[in-house]
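> Starting off with a structure, shown below.
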Amino acid sequence: MTDDMREIVLGILAAGITAALGWFARTYLWRRRLRRRQRFYGLLPHSECLLVVNRDPAAASWSVARRDVFALLEISALIKDCGAHADIVTHDTALQGFGERTEFCVGGPASNARTAAHLQSLLPGVLVNTDAEPGPGRAAFTVGGERYVMDKGGAEHVLLARLTAGGGEETRPVFLIAGQTGITNQAAARYLARHETRLIRKYARKGTFCLLLKVLNSSAYGPDVVELVGDVTRAATTRAPRPADEEPVEEREAQSSDSSA
């Protein structure tokens, strides 16, 4: 073999080894990112999760609002990328606990009874105005004493939360998307998909988080312009003190008897 042929063969071998090492490195990094995503979402390969669908409160018959369908599609793509499968149920038939399977719950408490239960059990510091009558306080959020009203089409809010109730690493999380409107639900689902790398890096060890997002000028920009109002985890997971006029009668009577004594 001549020197020229030897150099050609060595060059081909070096190129092949470099390509193989590059392929293995890319595969390793891809698998590592996938495992981190699966752990964050609690979605093991071929596992099942719960996708809780809300009801369109404006419809006379049982149906899902168009924007909520778009939110469900965003979440379905995420579930498929993790290699899992979704069991889709309506909010009034999801009569089961949480922690055994990952759950994605879409819709505010006015349209999703499951969301109302999660807010009461896991986010006691969040109050939502569920009055059906139109008014300035309709669908307003109160978190940690701060009130966030809805300016429909201008500034609308949505909570995006990952919630766990203890039980160790085997406990599967609940992902809650509770918006003031359907378009905010879609915006939060898109925000979760687009910013998952940052969310995984920041909250993977903490487990629970609750973010308050604001959708700006949705009448012109749809669900694409989203502003992070803040991380409200501490306020949302801490039960707000009840006003004195809302205390149970027994407590007020006991306090009055103690003071008279």
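Lettering and numbering for the structure tokens are positional, with chains as A, B, ... in the shown order, residues counted from 1 in each chain, and ligands counted from 1 in the shown order.
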DSSP on the backbone, helix (DSSP H, G or I) only: what residues of segment 46-92 of chain A does that give? Format it as a PyMOL selection string.

chain A and resi 66-81

> Would you put the residues from that selection into a file with all heavy atoms, as a CSV table (one decimal), in the first residue's frame?


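The resulting part.csv:
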chain,number,residue,atom,x,y,z
A,66,ARG,N,-63.3,26.0,21.9
A,66,ARG,CA,-62.3,25.8,20.9
A,66,ARG,C,-60.9,26.0,21.4
A,66,ARG,O,-60.0,25.3,21.1
A,66,ARG,CB,-62.6,26.7,19.7
A,66,ARG,CG,-61.7,26.6,18.5
A,66,ARG,CD,-62.3,27.4,17.3
A,66,ARG,NE,-62.3,28.8,17.6
A,66,ARG,CZ,-61.3,29.7,17.3
A,66,ARG,NH1,-60.3,29.2,16.6
A,66,ARG,NH2,-61.4,30.9,17.5
A,67,ARG,N,-60.7,27.1,22.2
A,67,ARG,CA,-59.4,27.4,22.7
A,67,ARG,C,-58.9,26.3,23.7
A,67,ARG,O,-57.8,26.1,23.8
A,67,ARG,CB,-59.4,28.8,23.4
A,67,ARG,CG,-59.6,29.9,22.4
A,67,ARG,CD,-58.4,30.1,21.5
A,67,ARG,NE,-58.5,31.2,20.6
A,67,ARG,CZ,-57.5,31.6,19.8
A,67,ARG,NH1,-56.4,30.9,19.8
A,67,ARG,NH2,-57.7,32.6,19.0
A,68,ASP,N,-59.9,25.8,24.5
A,68,ASP,CA,-59.5,24.7,25.4
A,68,ASP,C,-59.1,23.5,24.6
A,68,ASP,O,-58.2,22.7,25.1
A,68,ASP,CB,-60.7,24.4,26.3
A,68,ASP,CG,-60.9,25.5,27.3
A,68,ASP,OD1,-59.9,26.2,27.7
A,68,ASP,OD2,-62.1,25.7,27.7
A,69,VAL,N,-59.7,23.2,23.4
A,69,VAL,CA,-59.3,22.1,22.6
A,69,VAL,C,-57.8,22.3,22.1
A,69,VAL,O,-57.0,21.4,22.1
A,69,VAL,CB,-60.2,22.0,21.4
A,69,VAL,CG1,-59.7,20.9,20.4
A,69,VAL,CG2,-61.6,21.6,21.8
A,70,PHE,N,-57.5,23.6,21.8
A,70,PHE,CA,-56.1,23.9,21.4
A,70,PHE,C,-55.1,23.6,22.5
A,70,PHE,O,-54.0,23.1,22.3
A,70,PHE,CB,-56.0,25.3,20.9
A,70,PHE,CG,-56.7,25.6,19.6
A,70,PHE,CD1,-57.2,26.9,19.4
A,70,PHE,CD2,-57.0,24.6,18.8
A,70,PHE,CE1,-57.8,27.2,18.2
A,70,PHE,CE2,-57.7,24.9,17.6
A,70,PHE,CZ,-58.1,26.2,17.3
A,71,ALA,N,-55.6,24.0,23.8
A,71,ALA,CA,-54.7,23.7,24.9
A,71,ALA,C,-54.5,22.2,25.1
A,71,ALA,O,-53.4,21.7,25.4
A,71,ALA,CB,-55.3,24.3,26.2
A,72,LEU,N,-55.5,21.4,24.9
A,72,LEU,CA,-55.4,20.0,25.0
A,72,LEU,C,-54.5,19.4,24.0
A,72,LEU,O,-53.8,18.4,24.2
A,72,LEU,CB,-56.8,19.3,24.9
A,72,LEU,CG,-57.8,19.7,26.0
A,72,LEU,CD1,-59.2,19.2,25.7
A,72,LEU,CD2,-57.4,19.2,27.4
A,73,LEU,N,-54.5,20.0,22.8
A,73,LEU,CA,-53.6,19.5,21.7
A,73,LEU,C,-52.2,19.8,22.1
A,73,LEU,O,-51.3,18.9,21.8
A,73,LEU,CB,-54.0,20.2,20.4
A,73,LEU,CG,-55.3,19.7,19.8
A,73,LEU,CD1,-55.6,20.5,18.5
A,73,LEU,CD2,-55.3,18.2,19.4
A,74,GLU,N,-51.9,20.9,22.7
A,74,GLU,CA,-50.5,21.3,23.1
A,74,GLU,C,-50.1,20.2,24.1
A,74,GLU,O,-48.9,19.7,24.0
A,74,GLU,CB,-50.5,22.7,23.7
A,74,GLU,CG,-50.9,23.8,22.7
A,74,GLU,CD,-49.7,24.3,22.0
A,74,GLU,OE1,-48.6,23.8,22.2
A,74,GLU,OE2,-49.8,25.3,21.2
A,75,ILE,N,-50.9,19.9,25.1
A,75,ILE,CA,-50.5,19.0,26.1
A,75,ILE,C,-50.4,17.6,25.5
A,75,ILE,O,-49.5,16.8,25.9
A,75,ILE,CB,-51.6,19.0,27.2
A,75,ILE,CG1,-51.6,20.4,27.9
A,75,ILE,CG2,-51.3,17.9,28.3
A,75,ILE,CD1,-52.7,20.6,28.9
A,76,SER,N,-51.3,17.2,24.6
A,76,SER,CA,-51.2,15.9,24.0
A,76,SER,C,-49.9,15.6,23.3
A,76,SER,O,-49.3,14.5,23.3
A,76,SER,CB,-52.4,15.7,23.1
A,76,SER,OG,-53.6,15.7,23.8
A,77,ALA,N,-49.4,16.7,22.6
A,77,ALA,CA,-48.1,16.6,21.9
A,77,ALA,C,-47.0,16.3,22.9
A,77,ALA,O,-46.1,15.5,22.7
A,77,ALA,CB,-47.9,17.8,21.1
A,78,LEU,N,-47.1,17.0,24.0
A,78,LEU,CA,-46.1,16.9,25.1
A,78,LEU,C,-46.1,15.4,25.6
A,78,LEU,O,-45.0,14.8,25.8
A,78,LEU,CB,-46.4,17.9,26.2
A,78,LEU,CG,-45.5,18.0,27.4
A,78,LEU,CD1,-45.6,19.5,27.9
A,78,LEU,CD2,-45.8,17.1,28.5
A,79,ILE,N,-47.3,14.9,25.9
A,79,ILE,CA,-47.4,13.6,26.4
A,79,ILE,C,-46.8,12.5,25.4
A,79,ILE,O,-46.1,11.6,25.8
A,79,ILE,CB,-48.9,13.3,26.7
A,79,ILE,CG1,-49.4,14.2,27.9
A,79,ILE,CG2,-49.1,11.8,27.1
A,79,ILE,CD1,-50.9,14.1,28.1
A,80,LYS,N,-47.1,12.7,24.1
A,80,LYS,CA,-46.6,11.8,23.1
A,80,LYS,C,-45.1,11.9,23.0
A,80,LYS,O,-44.5,10.8,22.8
A,80,LYS,CB,-47.3,12.2,21.8
A,80,LYS,CG,-46.9,11.2,20.6
A,80,LYS,CD,-47.6,11.6,19.3
A,80,LYS,CE,-47.1,10.7,18.2
A,80,LYS,NZ,-47.8,11.1,16.9
A,81,ASP,N,-44.5,13.0,23.1
A,81,ASP,CA,-43.1,13.2,23.1
A,81,ASP,C,-42.4,12.4,24.2
A,81,ASP,O,-41.3,11.9,24.0
A,81,ASP,CB,-42.6,14.6,23.1
A,81,ASP,CG,-43.0,15.4,21.8
A,81,ASP,OD1,-43.3,14.7,20.8
A,81,ASP,OD2,-43.0,16.6,21.9

> Quick one: residues within 8 Å of Val226 of chain A, only C-alpha atoms, excluding same-chain residues fewer than 3 positions away - as a list of chain:residue names?

A:Ala187, A:Tyr191, A:Leu213, A:Lys214, A:Val215, A:Leu216, A:Pro223

> Run DSSP on the backbone and grab whatever in segment 43-107 of chain A lands in strand (DSSP E); send it over as a compact mmCIF listing (two decimals) with C-alpha atoms, in the first residue's frame.


# COMPACT_ATOMS: atom_id res chain seq x y z
CA GLU A 48 -50.81 6.40 31.21
CA CYS A 49 -51.73 9.84 32.49
CA LEU A 50 -55.01 11.60 33.13
CA LEU A 51 -56.14 14.48 30.92
CA VAL A 52 -59.10 16.18 32.59
CA VAL A 53 -61.29 18.15 30.19
CA HIS A 85 -50.55 7.79 26.66
CA ALA A 86 -53.43 9.98 27.81
CA ASP A 87 -56.67 8.80 29.33
CA ILE A 88 -59.11 11.64 28.55
CA VAL A 89 -61.93 12.13 31.05
CA THR A 90 -64.45 14.88 31.69
CA GLU A 103 -52.71 14.51 35.75
CA PHE A 104 -53.17 17.48 33.45
CA CYS A 105 -56.20 19.50 34.51
CA VAL A 106 -57.37 22.28 32.17

> What's around Ser219 of chain A at 10 Å? Count only C-alpha atoms, leave out sequence neighbours fewer than 3 positions away in its own chain, and write the answer as a PDB file with all heavy atoms, in the first residue's frame.


ATOM      1  N   LYS A 152     -60.955  41.471  29.589  1.00  0.00           N
ATOM      2  CA  LYS A 152     -61.117  40.518  28.487  1.00  0.00           C
ATOM      3  C   LYS A 152     -60.590  41.105  27.183  1.00  0.00           C
ATOM      4  O   LYS A 152     -60.991  42.183  26.752  1.00  0.00           O
ATOM      5  CB  LYS A 152     -62.585  40.130  28.326  1.00  0.00           C
ATOM      6  CG  LYS A 152     -62.790  38.918  27.418  1.00  0.00           C
ATOM      7  CD  LYS A 152     -64.210  38.421  27.489  1.00  0.00           C
ATOM      8  CE  LYS A 152     -64.452  37.250  26.552  1.00  0.00           C
ATOM      9  NZ  LYS A 152     -63.620  36.095  26.884  1.00  0.00           N
ATOM     10  N   GLY A 153     -59.678  40.393  26.577  1.00  0.00           N
ATOM     11  CA  GLY A 153     -59.058  40.842  25.340  1.00  0.00           C
ATOM     12  C   GLY A 153     -57.876  41.755  25.556  1.00  0.00           C
ATOM     13  O   GLY A 153     -57.104  42.003  24.626  1.00  0.00           O
ATOM     14  N   GLY A 154     -57.704  42.258  26.791  1.00  0.00           N
ATOM     15  CA  GLY A 154     -56.599  43.174  27.077  1.00  0.00           C
ATOM     16  C   GLY A 154     -55.542  42.556  27.966  1.00  0.00           C
ATOM     17  O   GLY A 154     -54.380  42.424  27.579  1.00  0.00           O
ATOM     18  N   ALA A 155     -55.941  42.164  29.165  1.00  0.00           N
ATOM     19  CA  ALA A 155     -55.021  41.535  30.119  1.00  0.00           C
ATOM     20  C   ALA A 155     -55.799  40.469  30.885  1.00  0.00           C
ATOM     21  O   ALA A 155     -56.694  40.793  31.672  1.00  0.00           O
ATOM     22  CB  ALA A 155     -54.424  42.558  31.068  1.00  0.00           C
ATOM     23  N   ILE A 183     -58.575  31.263  26.089  1.00  0.00           N
ATOM     24  CA  ILE A 183     -57.327  31.603  25.405  1.00  0.00           C
ATOM     25  C   ILE A 183     -56.154  31.635  26.380  1.00  0.00           C
ATOM     26  O   ILE A 183     -55.013  31.346  26.006  1.00  0.00           O
ATOM     27  CB  ILE A 183     -57.476  32.947  24.655  1.00  0.00           C
ATOM     28  CG1 ILE A 183     -56.415  33.059  23.559  1.00  0.00           C
ATOM     29  CG2 ILE A 183     -57.388  34.135  25.602  1.00  0.00           C
ATOM     30  CD1 ILE A 183     -56.667  34.186  22.594  1.00  0.00           C
ATOM     31  N   LEU A 216     -51.403  39.192  27.262  1.00  0.00           N
ATOM     32  CA  LEU A 216     -51.597  40.583  26.885  1.00  0.00           C
ATOM     33  C   LEU A 216     -52.217  40.705  25.496  1.00  0.00           C
ATOM     34  O   LEU A 216     -51.772  40.053  24.553  1.00  0.00           O
ATOM     35  CB  LEU A 216     -50.258  41.334  26.923  1.00  0.00           C
ATOM     36  CG  LEU A 216     -49.544  41.353  28.277  1.00  0.00           C
ATOM     37  CD1 LEU A 216     -48.167  41.969  28.147  1.00  0.00           C
ATOM     38  CD2 LEU A 216     -50.368  42.116  29.301  1.00  0.00           C
ATOM     39  N   GLY A 222     -53.662  36.883  20.154  1.00  0.00           N
ATOM     40  CA  GLY A 222     -54.001  35.523  20.530  1.00  0.00           C
ATOM     41  C   GLY A 222     -53.258  35.104  21.783  1.00  0.00           C
ATOM     42  O   GLY A 222     -53.060  35.902  22.705  1.00  0.00           O
ATOM     43  N   PRO A 223     -52.799  33.839  21.856  1.00  0.00           N
ATOM     44  CA  PRO A 223     -52.135  33.336  23.071  1.00  0.00           C
ATOM     45  C   PRO A 223     -50.623  33.517  23.075  1.00  0.00           C
ATOM     46  O   PRO A 223     -49.940  32.933  23.920  1.00  0.00           O
ATOM     47  CB  PRO A 223     -52.494  31.851  23.045  1.00  0.00           C
ATOM     48  CG  PRO A 223     -52.508  31.520  21.582  1.00  0.00           C
ATOM     49  CD  PRO A 223     -53.024  32.753  20.876  1.00  0.00           C
TER      50      PRO A 223
END

> With only C-alpha atoms as the basis for distance, which of A:Ala178, A:Thr233, A:Val225, A:Asn54 is at the shortest distance from Gly108 of chain A?

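Of A:Ala178, A:Thr233, A:Val225, A:Asn54, the one nearest Gly108 of chain A is A:Ala178, counting only C-alpha atoms.
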
> Tell me, as a list in words, which residues lie within 6 Å of Pro124 of chain A, counting only C-alpha atoms; anything in the same chain fewer than 4 positions away does not count.

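The filter keeps Leu119, Gln120, Thr237 and Arg239 of chain A.
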
> Can I get the selection written as a PDB file, in the first residue's frame, with all heavy atoms?


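This went into part35.pdb:
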ATOM      1  N   LEU A 119     -57.717  23.389  43.797  1.00  0.00           N
ATOM      2  CA  LEU A 119     -57.449  24.683  44.419  1.00  0.00           C
ATOM      3  C   LEU A 119     -57.706  24.620  45.921  1.00  0.00           C
ATOM      4  O   LEU A 119     -56.925  25.135  46.720  1.00  0.00           O
ATOM      5  CB  LEU A 119     -58.320  25.762  43.780  1.00  0.00           C
ATOM      6  CG  LEU A 119     -57.987  26.159  42.333  1.00  0.00           C
ATOM      7  CD1 LEU A 119     -58.982  27.195  41.824  1.00  0.00           C
ATOM      8  CD2 LEU A 119     -56.571  26.692  42.217  1.00  0.00           C
ATOM      9  N   GLN A 120     -58.775  23.980  46.297  1.00  0.00           N
ATOM     10  CA  GLN A 120     -59.124  23.890  47.710  1.00  0.00           C
ATOM     11  C   GLN A 120     -58.126  23.034  48.485  1.00  0.00           C
ATOM     12  O   GLN A 120     -57.748  23.369  49.610  1.00  0.00           O
ATOM     13  CB  GLN A 120     -60.529  23.321  47.865  1.00  0.00           C
ATOM     14  CG  GLN A 120     -61.010  23.265  49.312  1.00  0.00           C
ATOM     15  CD  GLN A 120     -62.432  22.739  49.418  1.00  0.00           C
ATOM     16  OE1 GLN A 120     -63.034  22.334  48.431  1.00  0.00           O
ATOM     17  NE2 GLN A 120     -62.978  22.753  50.621  1.00  0.00           N
ATOM     18  N   THR A 237     -49.831  28.318  48.201  1.00  0.00           N
ATOM     19  CA  THR A 237     -49.882  27.092  49.000  1.00  0.00           C
ATOM     20  C   THR A 237     -50.096  27.354  50.488  1.00  0.00           C
ATOM     21  O   THR A 237     -50.153  26.410  51.275  1.00  0.00           O
ATOM     22  CB  THR A 237     -48.590  26.278  48.811  1.00  0.00           C
ATOM     23  OG1 THR A 237     -47.459  27.102  49.122  1.00  0.00           O
ATOM     24  CG2 THR A 237     -48.472  25.775  47.388  1.00  0.00           C
ATOM     25  N   ARG A 239     -52.605  28.822  53.271  1.00  0.00           N
ATOM     26  CA  ARG A 239     -54.008  29.195  53.456  1.00  0.00           C
ATOM     27  C   ARG A 239     -54.106  30.593  54.037  1.00  0.00           C
ATOM     28  O   ARG A 239     -53.509  30.904  55.064  1.00  0.00           O
ATOM     29  CB  ARG A 239     -54.710  28.199  54.376  1.00  0.00           C
ATOM     30  CG  ARG A 239     -56.224  28.408  54.468  1.00  0.00           C
ATOM     31  CD  ARG A 239     -56.860  27.312  55.295  1.00  0.00           C
ATOM     32  NE  ARG A 239     -56.635  25.998  54.722  1.00  0.00           N
ATOM     33  CZ  ARG A 239     -57.362  25.488  53.728  1.00  0.00           C
ATOM     34  NH1 ARG A 239     -58.352  26.207  53.202  1.00  0.00           N
ATOM     35  NH2 ARG A 239     -57.100  24.282  53.258  1.00  0.00           N
TER      36      ARG A 239
END

> By how many Å are atom CA of Thr197 of chain A and atom CA of Asp224 of chain A apart?

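Separation of atom CA of Thr197 of chain A and atom CA of Asp224 of chain A: 18.3 Å.
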
> Using only C-alpha atoms, pick whichever of A:Cys82, A:Ile177, A:Ala19, A:Val229 has the shortest atom-to-atom distance to Ala116 of chain A.

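Result for the nearest residue to Ala116 of chain A: A:Ile177.
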
> Could you list, as a list in words, every residue within 7 Å of Thr130 of chain A, counting only C-alpha atoms and ignoring same-chain residues fewer than 2 positions away?

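Listed by chain and then number, they are Ala110, Val128, Ala132, Arg138 and Ala139 of chain A.
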